[in-house]
Each structure stands twice: as C-alpha cells, then as structure tokens.
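The structure under discussion appears below in the form of structure tokens.
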Amino acid sequence: MNTFFKSLGNILQSQSVQQVRRHIRSFPKPIPMRTNFLLATLLLCHTLPNNAQNHLVSQDYGEFFDWFHERSQVHQLYSDRTTLYIFTDQANVRKTPSGKAEVVTQLPIGTAVCNIAYKNEQKLPVAEINGYGDLWFHVSGRDAQGKPFTGYVWGANIAKGWREADVTGDGKSEFVMLGVSSQPRKQLKDINAEIRVLQNRRLVSQATVPGLCIFEDCAASPLLRVMQSRATPGLTIIEASAMTIGCMTGIDKVFFYWNGSGLERVYQAEYSTQTEVYRKKFVVAPNRHAAATVQVCEYGGEDRGYNPIWNCKTVPVSAVQVSKPIAAK
C-alpha cells in the first residue's frame, strides 16, 4: 500500500493537489493522512485516460464518500489523542512495535486507550499476524490495575468502529465493536471481520462478518452503525460496511438483526457492482413469549439517505416457519 501511495504522489499534478486540499479544508471532520490519500486517489481518476475496463469510477460515489466518512470513525484511528478501544481480551501492549518485544501489560476487551498518532513523515510500523497485515498503534492509558502505561498494540486488537446502543432492548446500553476476525487467515480468500457486543465489558455476543476487509492492508474505511426501527418495534439492525476508494471503488455492506439472543446476518451486498451476496427473511417479535403475531421482514433497498428499508409483514405466530437464505454465496 505504501508503494502505491508513493507512486500516487508522483502522478498527481499540481492542479489536482489543489483540488484535494480544497476538499480537505471543507470536510466537516479532520481527515487523517491515510484518508487524504484515499481522497487523492478518488480525485486522481479525473487525470487518468478513460478506460472501458474501469467501469466503476469512484467519482460516481463522491457524495456517498462524504456521507460515509461523516459517520465512520476512521479519522479517530489515525488522529492524535483520540480514544480507541481494545477489541480482544488480554491484548498485549508491547514496549516496541514488534511481536517479539517485551509485554508491558495486558488489557481486557473494551478498555479505552489514548491514540498517539504518528507524524506524516514517519514510516508506519506494520506486521502480519495470523495472516492479517495491520499497523502497530502507539497508545497510552491505564491497565486493569490502574497502572499507567505507554506502548504498542497491534491493529487487529484495536476496534475499527464502536457504538453505544441498547441492542438487547433491556433499557441499558451495550457497547458494540467492529474489528478484525480472530480466525487465522490461511488463504488469500479468508477475509473476515467480527462484530462483538459487550455488557459491562463482558462479551455477550459475537458474529463473523464474512468477506468484510477492514485490516490495514485493505486500505478500506470501516463503518459501524446501530439502527432501531420506529415503524417496527423490536427491529434492531447493526450495519458493518467497508468502502475502498480508487478508480475501481468497492462498497461492501452487511446487515445483522438482533434476534433476542444473538446477531443474525440478514443481508449482504457489494453495492458498486450490484452483487447480492446473501439475503434471508427473518422474524421480528418484540415479545416472543406473549405475542400472537410477529413481523416477517426482509431487505427492501435503501432510501435517499443510504439507510436500509425493511419490508415487514404481520403474520400469526403459528404461520411462521424457519426460513433459509433466499440467496447466498
């Protein structure tokens, strides 16, 4: 990825650089160095000759790019003094950015740490562990015993997105995190992320997000959202998405429904190629023990604000059958 960005800097003409700077200055949030490069790549597509094979030009997604990054927490991953969260349990904090370095302390899942961002001219320390290539994050904070520390945490042990929301419907907020899968990556096609739901820093549910590439080598921006329907009580949806910018744009979206006991994948698609990967009908029952009727829902597209639409139909409980995925790969 670093080689690509160096080449990109040589290709960009001065006029394009000015366009990038103007766009950055007008952006509602501070854009870190890495996102600057992604934006520069988007603008670079104007300077390249038309190619019939480049049928997915990221310029077409400029409006979505802005919408996405207003809601994404990617800027916090690369900005100084922001708060980040530990995604795995007993994550090692090392003295230097190396898997062989001395362990300073270990942190439980959900621990907040302070990001110490690298300067633009610094070479970013990376490592490949379990088949995933990611950054070493320089962080500080206090461990479980209250002892202050400063050290390095490998990127797959850091959440790429996080939200607080009452997912379970018990009136208390859960902490939802999106991060790199704990499953070792043995083949190139083995690309997975995970969603983890915490209550009081205790893991109560987790689900694999198949095919979602959010580790550093992907050069993608992650997005995590928790959405609760006003029209359909009990319909809580968690979205995990990733957007890769370039002359060939990639937008992956995956939706999970909280079914009362865990996360249930109900829809997945690659939007820029209009490729539907997975779809299933699912049952929404606000009161599973007393309800005579329930809602059977399925994905119905999205509105102009890029929010999912769910087509739901009320049916008697006795008529509900366990559904299988309508389309899956």
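Simple scheme: letters A, B, ... for chains in structure tokens order, numbers from 1 for residues in each chain, numbers from 1 for ligands in the order shown.
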With a cut-off of 12 Å, could you pull out the residues of stretch 145-235 of chain A touching stretch 104-126 of chain A and give me the nearest pair of atoms for each, distance in Å to one decimal, using only C-alpha atoms, ordered by chain and ascending number, as JSON lines?
{"residue": "A:Gln145", "atom": "CA", "partner": "A:Leu107", "partner_atom": "CA", "distance": 9.9}
{"residue": "A:Gly146", "atom": "CA", "partner": "A:Leu107", "partner_atom": "CA", "distance": 11.0}
{"residue": "A:Lys147", "atom": "CA", "partner": "A:Thr105", "partner_atom": "CA", "distance": 9.3}
{"residue": "A:Pro148", "atom": "CA", "partner": "A:Thr105", "partner_atom": "CA", "distance": 9.7}
{"residue": "A:Phe149", "atom": "CA", "partner": "A:Val104", "partner_atom": "CA", "distance": 7.4}
{"residue": "A:Thr150", "atom": "CA", "partner": "A:Val104", "partner_atom": "CA", "distance": 8.0}
{"residue": "A:Gly151", "atom": "CA", "partner": "A:Val104", "partner_atom": "CA", "distance": 7.0}
{"residue": "A:Tyr152", "atom": "CA", "partner": "A:Val104", "partner_atom": "CA", "distance": 8.9}
{"residue": "A:Val153", "atom": "CA", "partner": "A:Gln106", "partner_atom": "CA", "distance": 9.8}
{"residue": "A:Trp154", "atom": "CA", "partner": "A:Val126", "partner_atom": "CA", "distance": 8.2}
{"residue": "A:Gly155", "atom": "CA", "partner": "A:Val126", "partner_atom": "CA", "distance": 8.6}
{"residue": "A:Ala156", "atom": "CA", "partner": "A:Val126", "partner_atom": "CA", "distance": 11.2}
{"residue": "A:Asn157", "atom": "CA", "partner": "A:Ile109", "partner_atom": "CA", "distance": 8.9}
{"residue": "A:Ile158", "atom": "CA", "partner": "A:Gly110", "partner_atom": "CA", "distance": 9.3}
{"residue": "A:Ala159", "atom": "CA", "partner": "A:Gly110", "partner_atom": "CA", "distance": 8.7}
{"residue": "A:Gly161", "atom": "CA", "partner": "A:Gly110", "partner_atom": "CA", "distance": 11.9}
{"residue": "A:Trp162", "atom": "CA", "partner": "A:Gly110", "partner_atom": "CA", "distance": 9.8}
{"residue": "A:Arg163", "atom": "CA", "partner": "A:Gly110", "partner_atom": "CA", "distance": 11.5}
{"residue": "A:Glu164", "atom": "CA", "partner": "A:Gly110", "partner_atom": "CA", "distance": 11.7}
{"residue": "A:Glu174", "atom": "CA", "partner": "A:Gly110", "partner_atom": "CA", "distance": 11.1}
{"residue": "A:Phe175", "atom": "CA", "partner": "A:Gly110", "partner_atom": "CA", "distance": 8.1}
{"residue": "A:Val176", "atom": "CA", "partner": "A:Gly110", "partner_atom": "CA", "distance": 9.4}
{"residue": "A:Met177", "atom": "CA", "partner": "A:Gly110", "partner_atom": "CA", "distance": 8.6}
{"residue": "A:Leu178", "atom": "CA", "partner": "A:Gly110", "partner_atom": "CA", "distance": 11.5}
{"residue": "A:Gly179", "atom": "CA", "partner": "A:Ile109", "partner_atom": "CA", "distance": 11.8}
{"residue": "A:Arg196", "atom": "CA", "partner": "A:Ile109", "partner_atom": "CA", "distance": 9.9}
{"residue": "A:Val197", "atom": "CA", "partner": "A:Gly110", "partner_atom": "CA", "distance": 9.8}
{"residue": "A:Leu198", "atom": "CA", "partner": "A:Gly110", "partner_atom": "CA", "distance": 7.7}
{"residue": "A:Gln199", "atom": "CA", "partner": "A:Gly110", "partner_atom": "CA", "distance": 9.7}
{"residue": "A:Asn200", "atom": "CA", "partner": "A:Gly110", "partner_atom": "CA", "distance": 8.9}
{"residue": "A:Arg201", "atom": "CA", "partner": "A:Gly110", "partner_atom": "CA", "distance": 5.6}
{"residue": "A:Arg202", "atom": "CA", "partner": "A:Ile109", "partner_atom": "CA", "distance": 7.8}
{"residue": "A:Leu203", "atom": "CA", "partner": "A:Ile109", "partner_atom": "CA", "distance": 8.1}
{"residue": "A:Val204", "atom": "CA", "partner": "A:Ile109", "partner_atom": "CA", "distance": 11.8}
{"residue": "A:Phe215", "atom": "CA", "partner": "A:Val126", "partner_atom": "CA", "distance": 11.1}
{"residue": "A:Glu216", "atom": "CA", "partner": "A:Val126", "partner_atom": "CA", "distance": 8.7}
{"residue": "A:Asp217", "atom": "CA", "partner": "A:Val126", "partner_atom": "CA", "distance": 9.4}
Kindly export the residues of the current selection with N, CA and C atoms, as a short mmCIF file (atom, residue, chain, number, x, y, z; two decimals), in the first residue's frame.
data_model
loop_
_atom_site.label_atom_id
_atom_site.label_comp_id
_atom_site.auth_asym_id
_atom_site.auth_seq_id
_atom_site.Cartn_x
_atom_site.Cartn_y
_atom_site.Cartn_z
N GLN A 145 -5.36 -2.66 36.61
CA GLN A 145 -4.97 -2.34 37.99
C GLN A 145 -4.80 -0.85 38.23
N GLY A 146 -5.08 -0.05 37.19
CA GLY A 146 -4.96 1.40 37.32
C GLY A 146 -3.56 1.92 37.10
N LYS A 147 -2.65 1.07 36.68
CA LYS A 147 -1.26 1.47 36.46
C LYS A 147 -1.11 2.11 35.09
N PRO A 148 -0.49 3.31 34.99
CA PRO A 148 -0.32 3.95 33.68
C PRO A 148 0.67 3.19 32.81
N PHE A 149 0.47 3.25 31.51
CA PHE A 149 1.37 2.56 30.57
C PHE A 149 1.43 3.35 29.27
N THR A 150 2.48 3.11 28.52
CA THR A 150 2.62 3.57 27.14
C THR A 150 3.26 2.44 26.37
N GLY A 151 2.72 2.14 25.20
CA GLY A 151 3.28 1.05 24.43
C GLY A 151 2.58 0.90 23.09
N TYR A 152 2.71 -0.28 22.50
CA TYR A 152 2.20 -0.53 21.15
C TYR A 152 1.24 -1.72 21.14
N VAL A 153 0.11 -1.53 20.47
CA VAL A 153 -0.90 -2.59 20.33
C VAL A 153 -1.09 -2.85 18.85
N TRP A 154 -1.03 -4.12 18.46
CA TRP A 154 -1.21 -4.47 17.05
C TRP A 154 -2.65 -4.19 16.62
N GLY A 155 -2.81 -3.76 15.37
CA GLY A 155 -4.07 -3.21 14.88
C GLY A 155 -5.28 -4.11 14.98
N ALA A 156 -5.12 -5.43 14.85
CA ALA A 156 -6.28 -6.32 14.94
C ALA A 156 -6.80 -6.42 16.37
N ASN A 157 -6.05 -5.92 17.33
CA ASN A 157 -6.51 -5.87 18.72
C ASN A 157 -7.19 -4.54 19.06
N ILE A 158 -7.33 -3.68 18.05
CA ILE A 158 -8.00 -2.39 18.20
C ILE A 158 -9.30 -2.41 17.40
N ALA A 159 -10.39 -1.96 18.00
CA ALA A 159 -11.68 -1.89 17.28
C ALA A 159 -11.58 -0.88 16.15
N GLY A 161 -14.40 0.22 14.65
CA GLY A 161 -15.62 1.01 14.80
C GLY A 161 -16.28 0.61 16.10
N TRP A 162 -17.04 1.52 16.72
CA TRP A 162 -17.67 1.23 18.01
C TRP A 162 -18.87 2.14 18.21
N ARG A 163 -19.88 1.61 18.89
CA ARG A 163 -21.10 2.37 19.17
C ARG A 163 -21.67 1.91 20.51
N GLU A 164 -22.35 2.85 21.18
CA GLU A 164 -23.13 2.53 22.36
C GLU A 164 -24.60 2.58 21.99
N GLU A 174 -25.55 -1.30 25.43
CA GLU A 174 -24.45 -2.22 25.18
C GLU A 174 -23.36 -1.48 24.40
N PHE A 175 -22.18 -2.05 24.39
CA PHE A 175 -21.06 -1.49 23.64
C PHE A 175 -20.78 -2.44 22.48
N VAL A 176 -20.97 -1.93 21.25
CA VAL A 176 -20.82 -2.74 20.05
C VAL A 176 -19.53 -2.34 19.35
N MET A 177 -18.74 -3.34 18.94
CA MET A 177 -17.46 -3.06 18.28
C MET A 177 -17.33 -3.87 16.99
N LEU A 178 -16.66 -3.28 16.02
CA LEU A 178 -16.33 -3.94 14.77
C LEU A 178 -14.81 -4.06 14.68
N GLY A 179 -14.33 -5.26 14.36
CA GLY A 179 -12.88 -5.44 14.28
C GLY A 179 -12.50 -6.60 13.38
N ARG A 196 -18.70 -7.58 17.89
CA ARG A 196 -18.74 -8.06 19.26
C ARG A 196 -19.60 -7.12 20.10
N VAL A 197 -20.47 -7.70 20.91
CA VAL A 197 -21.39 -6.94 21.76
C VAL A 197 -20.99 -7.17 23.21
N LEU A 198 -20.76 -6.07 23.94
CA LEU A 198 -20.34 -6.15 25.34
C LEU A 198 -21.40 -5.56 26.25
N GLN A 199 -21.56 -6.17 27.41
CA GLN A 199 -22.32 -5.60 28.52
C GLN A 199 -21.39 -5.53 29.71
N ASN A 200 -21.16 -4.29 30.20
CA ASN A 200 -20.23 -4.11 31.32
C ASN A 200 -18.88 -4.78 31.05
N ARG A 201 -18.39 -4.57 29.81
CA ARG A 201 -17.10 -5.11 29.37
C ARG A 201 -17.07 -6.63 29.30
N ARG A 202 -18.22 -7.25 29.33
CA ARG A 202 -18.30 -8.70 29.21
C ARG A 202 -18.90 -9.04 27.85
N LEU A 203 -18.23 -9.93 27.13
CA LEU A 203 -18.69 -10.31 25.80
C LEU A 203 -19.95 -11.16 25.91
N VAL A 204 -21.05 -10.69 25.30
CA VAL A 204 -22.32 -11.42 25.37
C VAL A 204 -22.73 -11.98 24.01
N PHE A 215 -8.82 -4.86 7.70
CA PHE A 215 -7.46 -4.72 8.23
C PHE A 215 -6.67 -3.78 7.34
N GLU A 216 -5.55 -3.28 7.83
CA GLU A 216 -4.86 -2.16 7.20
C GLU A 216 -4.48 -2.43 5.74
N ASP A 217 -4.09 -3.65 5.42
CA ASP A 217 -3.67 -3.95 4.05
C ASP A 217 -4.77 -3.71 3.02
#
Which of stretch 177-238 of chain A DSSP labels strand (DSSP E), written as a CSV table (one decimal) with C-alpha atoms, in the first residue's frame:
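Result file selection_8.csv:
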chain,number,residue,atom,x,y,z
A,177,MET,CA,-17.5,-3.1,18.3
A,178,LEU,CA,-16.3,-3.9,14.8
A,179,GLY,CA,-12.9,-5.4,14.3
A,180,VAL,CA,-10.7,-7.9,12.5
A,192,ASN,CA,-13.5,-11.9,7.7
A,193,ALA,CA,-14.4,-9.2,10.3
A,194,GLU,CA,-16.3,-9.6,13.6
A,195,ILE,CA,-18.9,-7.8,15.5
A,196,ARG,CA,-18.7,-8.1,19.3
A,197,VAL,CA,-21.4,-6.9,21.8
A,198,LEU,CA,-20.3,-6.1,25.3
A,199,GLN,CA,-22.3,-5.6,28.5
A,202,ARG,CA,-18.3,-8.7,29.2
A,203,LEU,CA,-18.7,-10.3,25.8
A,204,VAL,CA,-22.3,-11.4,25.4
A,205,SER,CA,-22.5,-12.0,21.6
A,206,GLN,CA,-20.3,-12.0,18.6
A,207,ALA,CA,-20.7,-12.8,14.9
A,208,THR,CA,-18.4,-13.2,11.9
A,209,VAL,CA,-18.8,-10.7,9.1
A,210,PRO,CA,-17.8,-12.8,6.1
A,220,ALA,CA,-10.5,0.4,3.3
A,221,SER,CA,-12.5,2.7,5.6
A,222,PRO,CA,-14.8,0.8,8.0
A,223,LEU,CA,-18.3,1.9,9.2
A,224,LEU,CA,-20.4,0.5,12.1
A,225,ARG,CA,-24.0,1.7,12.7
A,226,VAL,CA,-26.7,0.6,15.1
A,227,MET,CA,-30.3,1.4,13.8
A,228,GLN,CA,-33.6,0.9,15.6
A,236,THR,CA,-32.6,-3.5,15.8
A,237,ILE,CA,-30.2,-3.7,12.9
A,238,ILE,CA,-26.4,-3.5,13.1
* Test item, alpha helix (DSSP H) assignment across stretch 21-258 of chain A, answer as a PyMOL selection string -> chain A and resi 21-26+33-44+62-71+74-78
* To do: Tell me which protein, DNA and RNA residues are within 12 Å of A:Arg304, counting only C-alpha atoms, leaving out same-chain ones fewer than 6 positions away, and put them as a PyMOL selection string.
  => chain A and resi 63-64+67
I need the residues from that last selection saved to file as a PDB file, in the first residue's frame (with N, CA and C atoms), if you can.
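After the write, selection_9.pdb holds the following:
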ATOM      1  N   GLU A  63     -20.516  11.700  -3.431  1.00  0.00           N
ATOM      2  CA  GLU A  63     -21.498  12.072  -2.414  1.00  0.00           C
ATOM      3  C   GLU A  63     -21.570  11.021  -1.306  1.00  0.00           C
ATOM      4  N   PHE A  64     -21.525   9.759  -1.714  1.00  0.00           N
ATOM      5  CA  PHE A  64     -21.542   8.686  -0.725  1.00  0.00           C
ATOM      6  C   PHE A  64     -20.267   8.707   0.120  1.00  0.00           C
ATOM      7  N   TRP A  67     -20.819  11.219   2.845  1.00  0.00           N
ATOM      8  CA  TRP A  67     -21.785  10.683   3.810  1.00  0.00           C
ATOM      9  C   TRP A  67     -21.136   9.613   4.681  1.00  0.00           C
TER      10      TRP A  67
END
* Asked: Any idea what the distance is between atom CA of A:Val139 and atom CA of A:Tyr78?
  ->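 That distance, rounded to one decimal, is 11.5 Å.
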* What lies within 12 Å of A:Gly169 using only C-alpha atoms, ignoring chain neighbours under 6 positions off, as a list of chain:residue names? ->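 Residues near the query, excluding close chain neighbours: A:Gln228, A:Pro233, A:Gly234, A:Leu235, A:Thr236, A:Trp258, A:Asn259, A:Gly260, A:Ser261, A:Ala285, A:Pro286, A:Asn287.
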* **atom CA of A:Thr168 to atom CA of A:Gly262, distance in Å rounded to a single decimal** => 8.9 Å
* To do: Between A:Ala240, A:Ala91, A:Ile191, A:Val103, single out the one closest to A:Tyr257, counting only C-alpha atoms.
  =>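 Closest candidate: A:Ala240.
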* For the atom pair atom CA of A:Glu276 and atom CA of A:Asp66, what is the interatomic distance in Å to one decimal place? ->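 Calculated distance between atom CA of A:Glu276 and atom CA of A:Asp66 is 23.8 Å.
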* To do: Just the residues within 8 Å of A:Val283, please, counting only C-alpha atoms, with nothing from its chain fewer than 4 positions along; format it as an MDAnalysis selection string.
  => chainID A and resid 259 294:297 320
